[in-house]
Structures are given as structure tokens and as C-alpha cells.
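Report on one structure; see the data block that follows.
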Amino acid sequence: MTVFTCEDNLEAIMTCIYDAWDSKLGHQQIRLITEPVSEPELFCDYRHTEADPAKAEKVMRSIEKKISCAAWQMAYRCAMSPSPEKPDVIYRFLRYGFAFGSRALQMLQEAPVATFFELNRRVENEAHRYREFIRFSGFPGDVLVSHISPKSDVLTLTAPYFADRMPSEYWIIIDDTRRTAAVHPRDENFYLTRLTPEEFLRLNVPDREEDPYPELWREFFRSVSIKARENYRCQRGFLPLWMRKHMTEFI
């Protein structure tokens, strides 16, 4: 068994898929995972893949042209998953996609297609929750800052939502897990950036005591609650405990 490994980013994953397919070792004789490799298996040949923009672009273009735009969007979301098996999941789906075109998206009876859909659904559900539950705090200079700690890399899936609804606000959404940020200047397009340790600490200050809005929001949350109808088990189903770390009403 030959295991192709790559860094955990979109360009590296697409390059890994290209090299694995181009190796002609046989689909059943290869596997793809992201690094770091926690427990190497015996009798496996591990091959590291370096990100190559040209190869990655070929894979992206082929998915969109030979399958569909919807398939590419799903592959992109799968690449944002925290699962180390995501390159292999995308690769197995592409075997059907390149053979059957857009019809592959309807072949849910096939295990690789069903797994691909499941991984896409998990990432999209997490991104959808963060679109609803992101909370902003005011910083000097009329800057709105929000911190999130997602399992998946959902910044590129959530930032367009806020760019559409708050186009004239200066806001920053910070992914504490990956130390990256989506920065939106007023009336401009947002961009992604990696934060230095100093920038992260500067933007990670707690809410200021003179800011009345966090307490007002918590009071509103308590006021609309109906004590007799509280159902914490149901609430955890819609809002898991791990997502509440940065939510004003739970702090």
C-alpha cells in the first residue's frame, strides 16, 4: 500500500490527488491522508507531496468541467474538514465523478459517494451554525471583532455572509484554532490573513467593562427564556457546548 501525504491546505490536497492519480499504482493500492501522520502503518510506503499550484489548478478545473460546479463546491467544503482522511474521500468520489460526470452526484447508493456527501454535510452544517451564532465585540476605531474556535476551516464559508449583510462595517472574524482571520474593511472585499502572535494577543482582549451591550444581550437572553419550557438536551442538539465558548449569552 502506498500512502500519499500532504499538508492540510486546499492547494496541497489537490496536488496530492493529482500525484496519486498520476502514479498509476492502481486505485486499490493507494491511500491519501493529511499530515502529520500520527501512527504510520507497517508495510506502507509513505510519499510526501509538495503543493504545486499548476497541478492543483488542473484538478480544480477538471472537477468543475468534467463533473459540475456543485461537485467542486462540495469538494472544496470537504477540503475544509478536520478529518485527515479528506483527501482520500475526495479522491474516491472523483473516480465516480470523472467516469459518470454530474450523474455521480445522484449515486448515493455507492459508499464513496455517500461518504463524500456526509463529509460535505458536516462542514456545511458547522458553517451554517457559525453564520447564526457568531457574536461581535466593539474595539477602538469602530472595529467589530469576533472569535470562533471551529473544528472545520469555515472562515471562507462564513465571511461572505457577513460581507453581504454588513458591507459598510469594519469587522474581523478570527479563527482561534488556526490563528487566521477574515478582515473586512469598510465598503471593500474581505481578505484572509494569518495573525502573528502579537496581533492575536492584541485582538484577544476581554470585553471592556464600559461596554454595556454584552450585559444587555445577556439580559435579553434571560428575559425571553421560558423557565418551564427549558430543555437543555434539545438545546445542546442545536447548539453544542463546544460552540458556546465565544457566545456572549453563555460567557
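In the C-alpha cells, each chain is lettered A, B, ... as it comes, each chain's residues begin at 1, and ligands are numbered from 1 in order of appearance.
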
Counting only C-alpha atoms, what is within 6 Å of segment 32-42 of chain A, bar same-chain residues fewer than 5 positions away, as a JSON list (two decimals) with C-alpha atoms, in the first residue's frame?
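See selection04.json below for the written result:
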[["chain", "number", "residue", "atom", "x", "y", "z"],
["A", 3, "VAL", "CA", 0.14, 6.32, 1.20],
["A", 4, "PHE", "CA", 0.33, 9.83, -0.28],
["A", 5, "THR", "CA", 0.60, 12.54, 2.38],
["A", 6, "CYS", "CA", 0.28, 16.31, 2.13],
["A", 7, "GLU", "CA", -0.11, 19.45, 4.22],
["A", 8, "ASP", "CA", -3.57, 20.40, 5.41],
["A", 84, "PRO", "CA", -7.18, 13.56, 7.97],
["A", 85, "GLU", "CA", -8.92, 11.20, 5.53],
["A", 87, "PRO", "CA", -8.04, 13.75, 0.52],
["A", 88, "ASP", "CA", -8.92, 10.08, 0.19]]

Show which residues sit within 6 Å of segment 190-204 of chain A, as a PDB file with all heavy atoms, in the first residue's frame. Count only C-alpha atoms, and ignore same-chain residues fewer than 5 positions away.
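Done, and the output landed in result23.pdb:
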ATOM      1  N   ARG A 179      -5.389  30.417  14.013  1.00  0.00           N
ATOM      2  CA  ARG A 179      -4.765  31.744  14.088  1.00  0.00           C
ATOM      3  C   ARG A 179      -4.835  32.465  12.737  1.00  0.00           C
ATOM      4  O   ARG A 179      -3.865  33.087  12.293  1.00  0.00           O
ATOM      5  CB  ARG A 179      -3.308  31.630  14.547  1.00  0.00           C
ATOM      6  CG  ARG A 179      -3.135  31.023  15.941  1.00  0.00           C
ATOM      7  CD  ARG A 179      -3.735  31.932  17.008  1.00  0.00           C
ATOM      8  NE  ARG A 179      -3.664  31.352  18.346  1.00  0.00           N
ATOM      9  CZ  ARG A 179      -2.635  31.557  19.188  1.00  0.00           C
ATOM     10  NH1 ARG A 179      -1.625  32.317  18.816  1.00  0.00           N
ATOM     11  NH2 ARG A 179      -2.641  31.012  20.391  1.00  0.00           N
ATOM     12  N   THR A 180      -5.976  32.345  12.069  1.00  0.00           N
ATOM     13  CA  THR A 180      -6.214  33.068  10.826  1.00  0.00           C
ATOM     14  C   THR A 180      -7.409  33.999  11.024  1.00  0.00           C
ATOM     15  O   THR A 180      -8.194  33.824  11.967  1.00  0.00           O
ATOM     16  CB  THR A 180      -6.502  32.110   9.656  1.00  0.00           C
ATOM     17  OG1 THR A 180      -7.606  31.257  10.008  1.00  0.00           O
ATOM     18  CG2 THR A 180      -5.296  31.254   9.340  1.00  0.00           C
ATOM     19  N   ALA A 181      -7.544  34.984  10.142  1.00  0.00           N
ATOM     20  CA  ALA A 181      -8.616  35.966  10.296  1.00  0.00           C
ATOM     21  C   ALA A 181      -9.161  36.367   8.934  1.00  0.00           C
ATOM     22  O   ALA A 181      -8.425  36.446   7.947  1.00  0.00           O
ATOM     23  CB  ALA A 181      -8.113  37.189  11.042  1.00  0.00           C
ATOM     24  N   ALA A 182     -10.473  36.613   8.894  1.00  0.00           N
ATOM     25  CA  ALA A 182     -11.123  37.230   7.742  1.00  0.00           C
ATOM     26  C   ALA A 182     -11.304  38.703   8.086  1.00  0.00           C
ATOM     27  O   ALA A 182     -12.002  39.038   9.049  1.00  0.00           O
ATOM     28  CB  ALA A 182     -12.465  36.565   7.460  1.00  0.00           C
ATOM     29  N   VAL A 183     -10.667  39.577   7.336  1.00  0.00           N
ATOM     30  CA  VAL A 183     -10.675  41.017   7.607  1.00  0.00           C
ATOM     31  C   VAL A 183     -11.498  41.717   6.536  1.00  0.00           C
ATOM     32  O   VAL A 183     -11.261  41.542   5.335  1.00  0.00           O
ATOM     33  CB  VAL A 183      -9.241  41.584   7.624  1.00  0.00           C
ATOM     34  CG1 VAL A 183      -9.263  43.077   7.957  1.00  0.00           C
ATOM     35  CG2 VAL A 183      -8.381  40.823   8.629  1.00  0.00           C
ATOM     36  N   HIS A 184     -12.477  42.514   6.986  1.00  0.00           N
ATOM     37  CA  HIS A 184     -13.356  43.217   6.051  1.00  0.00           C
ATOM     38  C   HIS A 184     -13.270  44.725   6.281  1.00  0.00           C
ATOM     39  O   HIS A 184     -13.883  45.255   7.206  1.00  0.00           O
ATOM     40  CB  HIS A 184     -14.805  42.753   6.236  1.00  0.00           C
ATOM     41  CG  HIS A 184     -15.774  43.441   5.322  1.00  0.00           C
ATOM     42  ND1 HIS A 184     -16.406  44.630   5.642  1.00  0.00           N
ATOM     43  CD2 HIS A 184     -16.204  43.119   4.079  1.00  0.00           C
ATOM     44  CE1 HIS A 184     -17.189  44.993   4.651  1.00  0.00           C
ATOM     45  NE2 HIS A 184     -17.090  44.097   3.685  1.00  0.00           N
TER      46      HIS A 184
END

Within 12 Å of Lys86 of chain A using only C-alpha atoms, minus same-chain residues under 3 positions, as JSON, numbers by chain:
{"A": [5, 6, 7, 8, 9, 10, 12, 13, 14, 16, 17, 31, 32, 33, 34, 35, 74, 75, 76, 77, 78, 79, 80, 81, 82, 83, 89, 90, 91, 92, 93, 112, 115, 116, 117, 118, 119, 120, 123, 152]}

Mind checking which residues fall within 9 Å of Ala127 of chain A, counting only C-alpha atoms, ignoring those fewer than 5 positions away in the same chain, and posting them as a list in words?
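Near Ala127 of chain A, the qualifying residues are Arg122, Glu132, Pro150, Ser152, Asp153, Val154, Leu155, Leu157 and Thr158 of chain A.
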
Would you output that residue set with N, CA, C and O atoms, as a PDB file, in the first residue's frame?
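What follows is the written file selection-v4.pdb:
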ATOM      1  N   ARG A 122     -21.299  17.719   7.007  1.00  0.00           N
ATOM      2  CA  ARG A 122     -20.778  18.111   8.320  1.00  0.00           C
ATOM      3  C   ARG A 122     -20.168  19.511   8.277  1.00  0.00           C
ATOM      4  O   ARG A 122     -20.405  20.332   9.174  1.00  0.00           O
ATOM      5  N   GLU A 132     -25.046  31.772  12.207  1.00  0.00           N
ATOM      6  CA  GLU A 132     -26.099  32.158  13.147  1.00  0.00           C
ATOM      7  C   GLU A 132     -25.549  32.604  14.494  1.00  0.00           C
ATOM      8  O   GLU A 132     -26.121  33.481  15.143  1.00  0.00           O
ATOM      9  N   PRO A 150     -13.711  26.870  15.477  1.00  0.00           N
ATOM     10  CA  PRO A 150     -14.398  25.798  14.737  1.00  0.00           C
ATOM     11  C   PRO A 150     -13.529  24.557  14.567  1.00  0.00           C
ATOM     12  O   PRO A 150     -12.295  24.626  14.608  1.00  0.00           O
ATOM     13  N   SER A 152     -13.903  22.681  11.688  1.00  0.00           N
ATOM     14  CA  SER A 152     -13.577  22.809  10.275  1.00  0.00           C
ATOM     15  C   SER A 152     -13.076  24.222   9.991  1.00  0.00           C
ATOM     16  O   SER A 152     -13.305  25.144  10.773  1.00  0.00           O
ATOM     17  N   ASP A 153     -12.414  24.384   8.861  1.00  0.00           N
ATOM     18  CA  ASP A 153     -11.912  25.694   8.460  1.00  0.00           C
ATOM     19  C   ASP A 153     -13.034  26.426   7.726  1.00  0.00           C
ATOM     20  O   ASP A 153     -13.127  26.393   6.495  1.00  0.00           O
ATOM     21  N   VAL A 154     -13.896  27.109   8.486  1.00  0.00           N
ATOM     22  CA  VAL A 154     -15.131  27.662   7.925  1.00  0.00           C
ATOM     23  C   VAL A 154     -15.062  29.157   7.631  1.00  0.00           C
ATOM     24  O   VAL A 154     -16.074  29.753   7.264  1.00  0.00           O
ATOM     25  N   LEU A 155     -13.893  29.781   7.764  1.00  0.00           N
ATOM     26  CA  LEU A 155     -13.818  31.225   7.563  1.00  0.00           C
ATOM     27  C   LEU A 155     -14.294  31.634   6.169  1.00  0.00           C
ATOM     28  O   LEU A 155     -15.051  32.594   6.011  1.00  0.00           O
ATOM     29  N   LEU A 157     -16.319  30.176   4.336  1.00  0.00           N
ATOM     30  CA  LEU A 157     -17.729  29.829   4.136  1.00  0.00           C
ATOM     31  C   LEU A 157     -18.660  30.765   4.907  1.00  0.00           C
ATOM     32  O   LEU A 157     -19.832  30.897   4.546  1.00  0.00           O
ATOM     33  N   THR A 158     -18.144  31.401   5.958  1.00  0.00           N
ATOM     34  CA  THR A 158     -18.981  32.294   6.767  1.00  0.00           C
ATOM     35  C   THR A 158     -18.760  33.772   6.439  1.00  0.00           C
ATOM     36  O   THR A 158     -19.690  34.567   6.526  1.00  0.00           O
TER      37      THR A 158
END

Atom CA of Asn125 of chain A and atom CA of Pro185 of chain A are how many Å apart?
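Here the two named atoms are 27.2 Å from each other.
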
So what do you get for atom CA of Ile148 of chain A versus atom CA of Arg222 of chain A, distance-wise?
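Spanning atom CA of Ile148 of chain A to atom CA of Arg222 of chain A is a straight-line distance of 22.8 Å.
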
Residue neighbourhood segment 100-105 of chain A, 7 Å, only C-alpha atoms, exclusion window fewer than 5 positions, as a ChimeraX atom specification:
/A:66-68

Using only C-alpha atoms, which residues sit within 10 Å of segment 166-168 of chain A once same-chain residues fewer than 2 positions away are excluded, as a list in words?
Pro160, Tyr161, Phe162, Ala163, Asp164, Tyr170, Trp171, His184, Pro185, Arg186, Asp187, Glu188, Asn189 and Phe190 of chain A

Could you write out, as number ranges by chain, all the residues of segment 102-144 of chain A that DSSP marks as strand (DSSP E or B)?
A: 137-139, 143-144

Arg218 of chain A environment, 10 Å, only C-alpha atoms, sequence neighbours closer than 6 positions dropped, as a PDB file with N, CA and C atoms, in the first residue's frame:
ATOM      1  N   MET A 247     -19.684  32.866  22.775  1.00  0.00           N
ATOM      2  CA  MET A 247     -21.011  33.445  22.641  1.00  0.00           C
ATOM      3  C   MET A 247     -21.354  34.278  23.880  1.00  0.00           C
ATOM      4  N   THR A 248     -21.741  35.517  23.656  1.00  0.00           N
ATOM      5  CA  THR A 248     -21.954  36.468  24.745  1.00  0.00           C
ATOM      6  C   THR A 248     -22.928  35.952  25.798  1.00  0.00           C
ATOM      7  N   GLU A 249     -24.023  35.338  25.361  1.00  0.00           N
ATOM      8  CA  GLU A 249     -25.050  34.931  26.318  1.00  0.00           C
ATOM      9  C   GLU A 249     -24.649  33.772  27.219  1.00  0.00           C
ATOM     10  N   PHE A 250     -23.531  33.080  26.890  1.00  0.00           N
ATOM     11  CA  PHE A 250     -23.091  31.956  27.703  1.00  0.00           C
ATOM     12  C   PHE A 250     -21.813  32.275  28.479  1.00  0.00           C
ATOM     13  N   ILE A 251     -21.243  33.464  28.302  1.00  0.00           N
ATOM     14  CA  ILE A 251     -19.998  33.817  28.983  1.00  0.00           C
ATOM     15  C   ILE A 251     -20.319  34.311  30.396  1.00  0.00           C
TER      16      ILE A 251
END

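Here atom CA of Met60 of chain A is placed at a distance of 9.5 Å from atom CA of Glu11 of chain A.
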
As a ChimeraX atom specification, please: every residue in segment 16-200 of chain A that a backbone DSSP assignment puts in helix (DSSP H, G or I).
/A:16-22,27-29,53-67,69-79,86-106,111-133,155-165,197-200
